[in-house]
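The structure appears below as structure tokens.
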Amino acid sequence: MLNYRINMKKEILLSCSLCLGLWAHAGHIDVDRFRYAGPYPVQCPLLVDSVDVNSNAWAAESLLKTPLSFKTVEAGAMMYKKDLSQAPQQGYALHLMGFGVENTRFGKARLTVGGIKNYQLYVDGKQAEAGKDLSFEPGTHEMVLKYLTAPEETSIPDITLDSGQDGVFSLHSGDSRMYTLADAMHGRKCAGIQLSPDGKYLMAVYRTSLKGGKSVTEYCVRELAEGRVVARRQEALGWMPRSGKFYYVRQGVDGRQFVVVDPSTGAEEVLADNLPEGNFSVSPQEDYLLYTLTQEGPKERKEIYEVIDPDDRQPGWRNRSYVAKYDLETGVMQPLTFGYKNVWAADISSDGQSVLLMVQNHRMGGRPTTSFSLYKLNVQTLEADTLVEDDGFISAACFSPDARQVLVTGSPEALGGVGKNVREGQIPSMVDNQLFLMDVDGRKVTPLTRTFNPNVRSAAWSTADRRIYFTAENKDCYSLYQLDPESGRITQLDVPEEMVFSFSLAENSPLMAFYGESASNSHRLYTLNLKNSKVKLQEDLSRELLKEVELGKCEAWNFVNSRGDTICGRYYLPPHFDADKKYPMIVYYYGGCSPTSRNFDTLYPFHAYAALGYVVYVVEPSGATGFGQEFSARHVNTFGDYVANDIIEGTRKFAAGHPFVNGKKIGCLGASYGGFMTQYLQTRTDIFAAAISHAGISDHTSYWGEGYWGYSYSEVSGAHSYPWKNKELFVDHSPLYNADKIHTPLLFLHGSADTNVPVGESIQMYTALKLLGRETALVVVDGQDHHILDYQKRILWQNTIFAWFAKWLQDDPLWWNTMYSPKTL
């Protein structure tokens with residue numbers, strides 16, 4: 001472990017601003033211990049001429065340009081400056097000195113190098129200029145000094161760091177480092193898994209996010225018995241359902257080729273040339289491909305055009321999908337459906353004879369405005385049986401292994417409402433998904449999850465053991481379940497991760513593969529033996545992603561609200577937490593129809609907030625799915641009432657029950673519906689010292705009509721309610737009409753191209769607060785939609801959040817003023 005001697009000098013602060021580049025020397029650090037690598041002898045080249053092509057004479061300092069790998073200094077010996085008594089070199093030599101600097105707040109500092117003449121300074125791998133003002137975002141920064149000594153020279157560098165901020169910078173003295181935004185944005189993660197039919201091979205999709213914004217996708221096939229990788233490819237891969245070979249599509253001389261590969265030998269075979277474009281699934285008997293194709297709709301002039309439906313504003317809305325069958329032997333493409341409605345295949349029976357078709361119907365004037373019909377189609381005769389007709393509450397379906405039953409996913413109101421389990425007068429949440437079992441012959445429907453509280457996400461029927469497996473939102477987790485379709489019994493499977501994102505079942509083997517993460521670790525891949533329930537870790541991607549990273553603790557914390565409900569939540573503590581200190585706190589929520597799940601990888605990396613010295617409290621207020629139908633139904637036609645009460649009550653109780661929280665320095669943050677909640681909360685309470693609303697709704701009436709999904713989302717949150725029918729809900733619950741009650745410093749963040757919640761929602765609320773003379777700011781991210789996904793813009797967006805909280809919760813405006821310098825207009 002590094003042992004640095006830090007000499008902090010305190011002097012009277014100069015009255016001039018740091019922005020003028022004048023330093024107050026409140027913090028001074030001498031670097032007296034470091035990692036050293038060298039000396040590396042370098043020689044003067046043969047001087048065949050007195051000058052080079054640019055008429056410059058050779059100079060010794062040009063030897064500094066000699067490439068050296070900084071990996072050597074990372075493993076270099078640790079020594080004190082006083083022990084670096086360099087013996088005189090016989091010739092020129094290069095040396096490397098490495099050390100770390102850590103700051104949990106944004107800071108500015110100068111690195112000064114003395115005692116030597118020829119050197120280069122690198123900060124986080126990039127060359128920097130010594131003696132100049134450098135800005136440091138919070139994190140653990142690696143510094144490397146590369147310097148040159150001349151023959152007989154024994155000079156030793158003298159390195160100092162000076163900052164105008166007392167106690168912000170320290171020499172990194174341990175093997176661990178902070179978790180930062182860079183950790184959240186970079187690295188190799190899983191994007192999908194699929195077992196071979198016999199369960200011998202696991203295919204995993206990896207997406208590696210690189211510094212600079214690019215990403216690389218790779219498909220990897222691994223033999224499970226020995227862990228041997230048999231294939232790595234950039235092309236998309238999939239398994240043939242019967243033979244156990246994998247396939248991919250490549251461009252051949254005469255067109256696209258459908259190629260299958262034997263994973264045991266690597267032998268390839270072309271099954272089809274001139275393969276049509278489009279997405280497809282391979283039939284269970286491997287005799288045809290089932291395509292979902294798109295027919296383009298009628299075009300309009302670009303310069304002036306008619307909107308024929310509220311959804312017609314969405315690009316591609318006029319296009320329609322249809323289903324076709326491509327025969328692998330003959331190359332014949334047979335359309336299976338025709339019409340103006342969207343059609344797609346939900347499943348193929350195990351014998352390949354039947355297809356479940358979902359048909360979408362758009363209708364204005366009723367709730368919901370989109371309905372679905374479910375058909376069983378014989379792919380040979382094209383005869384269709386109608387299983388479900390015009391039901392607006394179903395969403396997915398799959399066959400049982402013998403195709404005598406169909407597993408239907410839908411909300412509680414689906415299939416005549418047989419799955420409803422709410423109080424009298426309540427309307428269920430349309431996004432609280434349930435499972436239903438339908439007999440194909442008699443059309444009898446059995447609700448399987450009516451009294452089951454978790455919210456179903458995805459389901460599959462195993463042919464190996466005839467059980468149904470599914471994932472579901474279980475409070476703030478994604479849990480994995482087994483369902484016996486005969487008895488109706490549901491069993492939660494005991495797996496290591498809190499968040500199971502995806503799973504795959506082997507067709508002919510009692511084996512499952514899945515991947516997930518938890519609140520304090522990233523992706524891990526597993527297999528699960530369905531006979532003995534044994535779980536085996538196959539790959540730990542989190543180990544490399546979090547190498548040397550130190551995280552604070554994440555603990556569950558629930559409370560009982562004034563209505564007698566248990567409200568779930570959790571909190572994150574800073575690394576090196578000291579219970580005797582007082583910490584500012586950030587409260588995060590969504591408040592809409594879904595919980596804030598225990599994801600590690602998220603656009604709001606809670607551990608990164610905690611690393612900056614905050615306690616982070618995440619609350620799961622009333623109205624979220626995953627807690628039962630009655631709980632989620634509280635989201636409908638309340639527009640924030642239950643939610644606001646739970647957030648305020650939870651924040652007060654958490655602060656009162658945890659003495660390490662500074663009750664006067666609590667901030668809050670939410671996005672989308674959570675952005676609305678941020679605004680709404682400030683009209684209801686003064687407990688927050690700072691607030692941030694990203695893409696928040698300020699006026700339910702304008703959002704209802706302007707957002708792409710405004711009116712259709714209101715079918716969920718405001719069932720049967722409309723602005724002209726329920727002024728109390730749409731107007732009185734809109735923050736804009738209560739703007740004069742807000743006194744909290746409130747930051748609005750919004751993408752300029754947001755089609756979900758248009759940027760005007762932030763603009764009008766910002767305008768109102770400016771007219772009222774309240775503390776507020778508006779930052780617009782150009783060209784971004786509802787989520788800020790552009791690499792550089794995401795960094796600036798996230799740093800804006802950090803800077804606003806630093807200004808108001810840590811009384812440190814430097815970061816904010818650096819990003820948004822004060823202006824007088």
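Residue numbering restarts at 1 for every chain of the structure tokens, chains are lettered A, B, ... in their displayed order, and ligands are numbered from 1 as they appear.
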
**Message:** According to DSSP computed on the backbone, where in segment 415-654 of chain A is there alpha helix (DSSP H)? Give the residues as a list in words.
**Reply:** Leu541, Ser542, Arg543, Glu544, Leu545, Phe606, His607, Ala608, Tyr609, Ala610, Ala611, Gln629, Glu630, Phe631, Ser632, Asp641, Tyr642, Val643, Ala644, Asn645, Asp646, Ile647, Ile648, Glu649, Gly650, Thr651, Arg652, Lys653 and Phe654 of chain A

For segment 669-721 of chain A against segment 370-376 of chain A, with a cut-off of 12 Å and counting only C-alpha atoms, what is the closest atom pair and its distance in Å to one decimal for every residue that makes the cut, ordered by chain and number, as CSV?
residue,atom,partner,partner_atom,distance
A:Tyr711,CA,A:Thr370,CA,11.8
A:Ser712,CA,A:Thr370,CA,8.8
A:Tyr713,CA,A:Thr370,CA,11.7
A:Glu715,CA,A:Thr370,CA,10.4

**Message:** Run DSSP on the backbone and tell me which residues of segment 569-632 of chain A come out as strand (DSSP E); list them as a ChimeraX atom specification.
**Reply:** /A:569-572,583-588,615-620

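Residues in contact with Trp704 of chain A at 9 Å, where only C-alpha atoms are counted and same-chain residues fewer than 4 positions away are skipped, are listed as A:Asp699, A:His700, A:Tyr708, A:Trp709, A:Gly710, A:Tyr711, A:Ser712, A:Tyr713, A:Ser714, A:Tyr722, A:Pro723.
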
Keeping only N, CA and C atoms, write the selected residues as a JSON list (two decimals), in the first residue's frame.
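New file again_7.json:
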[["chain", "number", "residue", "atom", "x", "y", "z"],
["A", 699, "ASP", "N", -47.45, 19.85, -17.17],
["A", 699, "ASP", "CA", -48.87, 20.10, -17.41],
["A", 699, "ASP", "C", -49.46, 18.86, -18.07],
["A", 700, "HIS", "N", -50.30, 18.14, -17.34],
["A", 700, "HIS", "CA", -50.85, 16.89, -17.86],
["A", 700, "HIS", "C", -51.70, 17.11, -19.11],
["A", 708, "TYR", "N", -45.77, 11.66, -28.10],
["A", 708, "TYR", "CA", -46.13, 10.55, -28.99],
["A", 708, "TYR", "C", -47.07, 9.57, -28.29],
["A", 709, "TRP", "N", -46.77, 9.28, -27.04],
["A", 709, "TRP", "CA", -47.56, 8.29, -26.30],
["A", 709, "TRP", "C", -48.34, 8.93, -25.16],
["A", 710, "GLY", "N", -48.56, 10.24, -25.24],
["A", 710, "GLY", "CA", -49.24, 10.94, -24.16],
["A", 710, "GLY", "C", -50.63, 10.40, -23.90],
["A", 711, "TYR", "N", -51.46, 10.36, -24.95],
["A", 711, "TYR", "CA", -52.84, 9.92, -24.74],
["A", 711, "TYR", "C", -52.91, 8.43, -24.43],
["A", 712, "SER", "N", -52.01, 7.63, -25.05],
["A", 712, "SER", "CA", -52.06, 6.19, -24.81],
["A", 712, "SER", "C", -51.51, 5.85, -23.42],
["A", 713, "TYR", "N", -50.50, 6.61, -22.94],
["A", 713, "TYR", "CA", -50.05, 6.37, -21.58],
["A", 713, "TYR", "C", -51.13, 6.77, -20.59],
["A", 714, "SER", "N", -51.93, 7.78, -20.94],
["A", 714, "SER", "CA", -53.01, 8.19, -20.04],
["A", 714, "SER", "C", -54.07, 7.10, -19.92],
["A", 722, "TYR", "N", -60.23, 12.23, -19.06],
["A", 722, "TYR", "CA", -59.76, 13.09, -20.13],
["A", 722, "TYR", "C", -59.77, 14.54, -19.62],
["A", 723, "PRO", "N", -58.98, 15.42, -20.25],
["A", 723, "PRO", "CA", -58.92, 16.81, -19.77],
["A", 723, "PRO", "C", -60.28, 17.48, -19.70]]

Would you tabulate, counting only C-alpha atoms, all residues of segment 688-728 of chain A that have an atom at most 12 Å from an atom of segment 651-667 of chain A, showing the closest pair of atoms and their distance in Å to one decimal, sorted by chain then ascending number, as JSON lines?
{"residue": "A:Phe688", "atom": "CA", "partner": "A:Ile666", "partner_atom": "CA", "distance": 5.1}
{"residue": "A:Ala689", "atom": "CA", "partner": "A:Ile666", "partner_atom": "CA", "distance": 5.5}
{"residue": "A:Ala690", "atom": "CA", "partner": "A:Gly667", "partner_atom": "CA", "distance": 4.7}
{"residue": "A:Ala691", "atom": "CA", "partner": "A:Gly667", "partner_atom": "CA", "distance": 5.5}
{"residue": "A:Ile692", "atom": "CA", "partner": "A:Gly667", "partner_atom": "CA", "distance": 8.1}
{"residue": "A:Ser693", "atom": "CA", "partner": "A:Gly667", "partner_atom": "CA", "distance": 11.2}

Residues from last step as file, N, CA, C and O atoms, as a tab-separated table (two decimals), in the first residue's frame:
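Writing done, so here's result_32.tsv:
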chain	number	residue	atom	x	y	z
A	688	PHE	N	-36.75	19.57	0.70
A	688	PHE	CA	-35.62	19.38	-0.20
A	688	PHE	C	-34.85	20.68	-0.39
A	688	PHE	O	-35.44	21.75	-0.58
A	689	ALA	N	-33.52	20.56	-0.36
A	689	ALA	CA	-32.65	21.72	-0.57
A	689	ALA	C	-32.31	21.92	-2.03
A	689	ALA	O	-31.81	22.99	-2.41
A	690	ALA	N	-32.54	20.94	-2.86
A	690	ALA	CA	-32.29	21.02	-4.30
A	690	ALA	C	-33.08	19.92	-4.97
A	690	ALA	O	-33.34	18.86	-4.38
A	691	ALA	N	-33.49	20.17	-6.22
A	691	ALA	CA	-34.30	19.20	-6.95
A	691	ALA	C	-33.90	19.21	-8.42
A	691	ALA	O	-33.50	20.24	-8.96
A	692	ILE	N	-34.03	18.03	-9.06
A	692	ILE	CA	-33.73	17.91	-10.49
A	692	ILE	C	-34.86	17.13	-11.16
A	692	ILE	O	-35.22	16.03	-10.73
A	693	SER	N	-35.39	17.72	-12.23
A	693	SER	CA	-36.42	17.08	-13.03
A	693	SER	C	-35.87	16.85	-14.43
A	693	SER	O	-35.58	17.80	-15.15
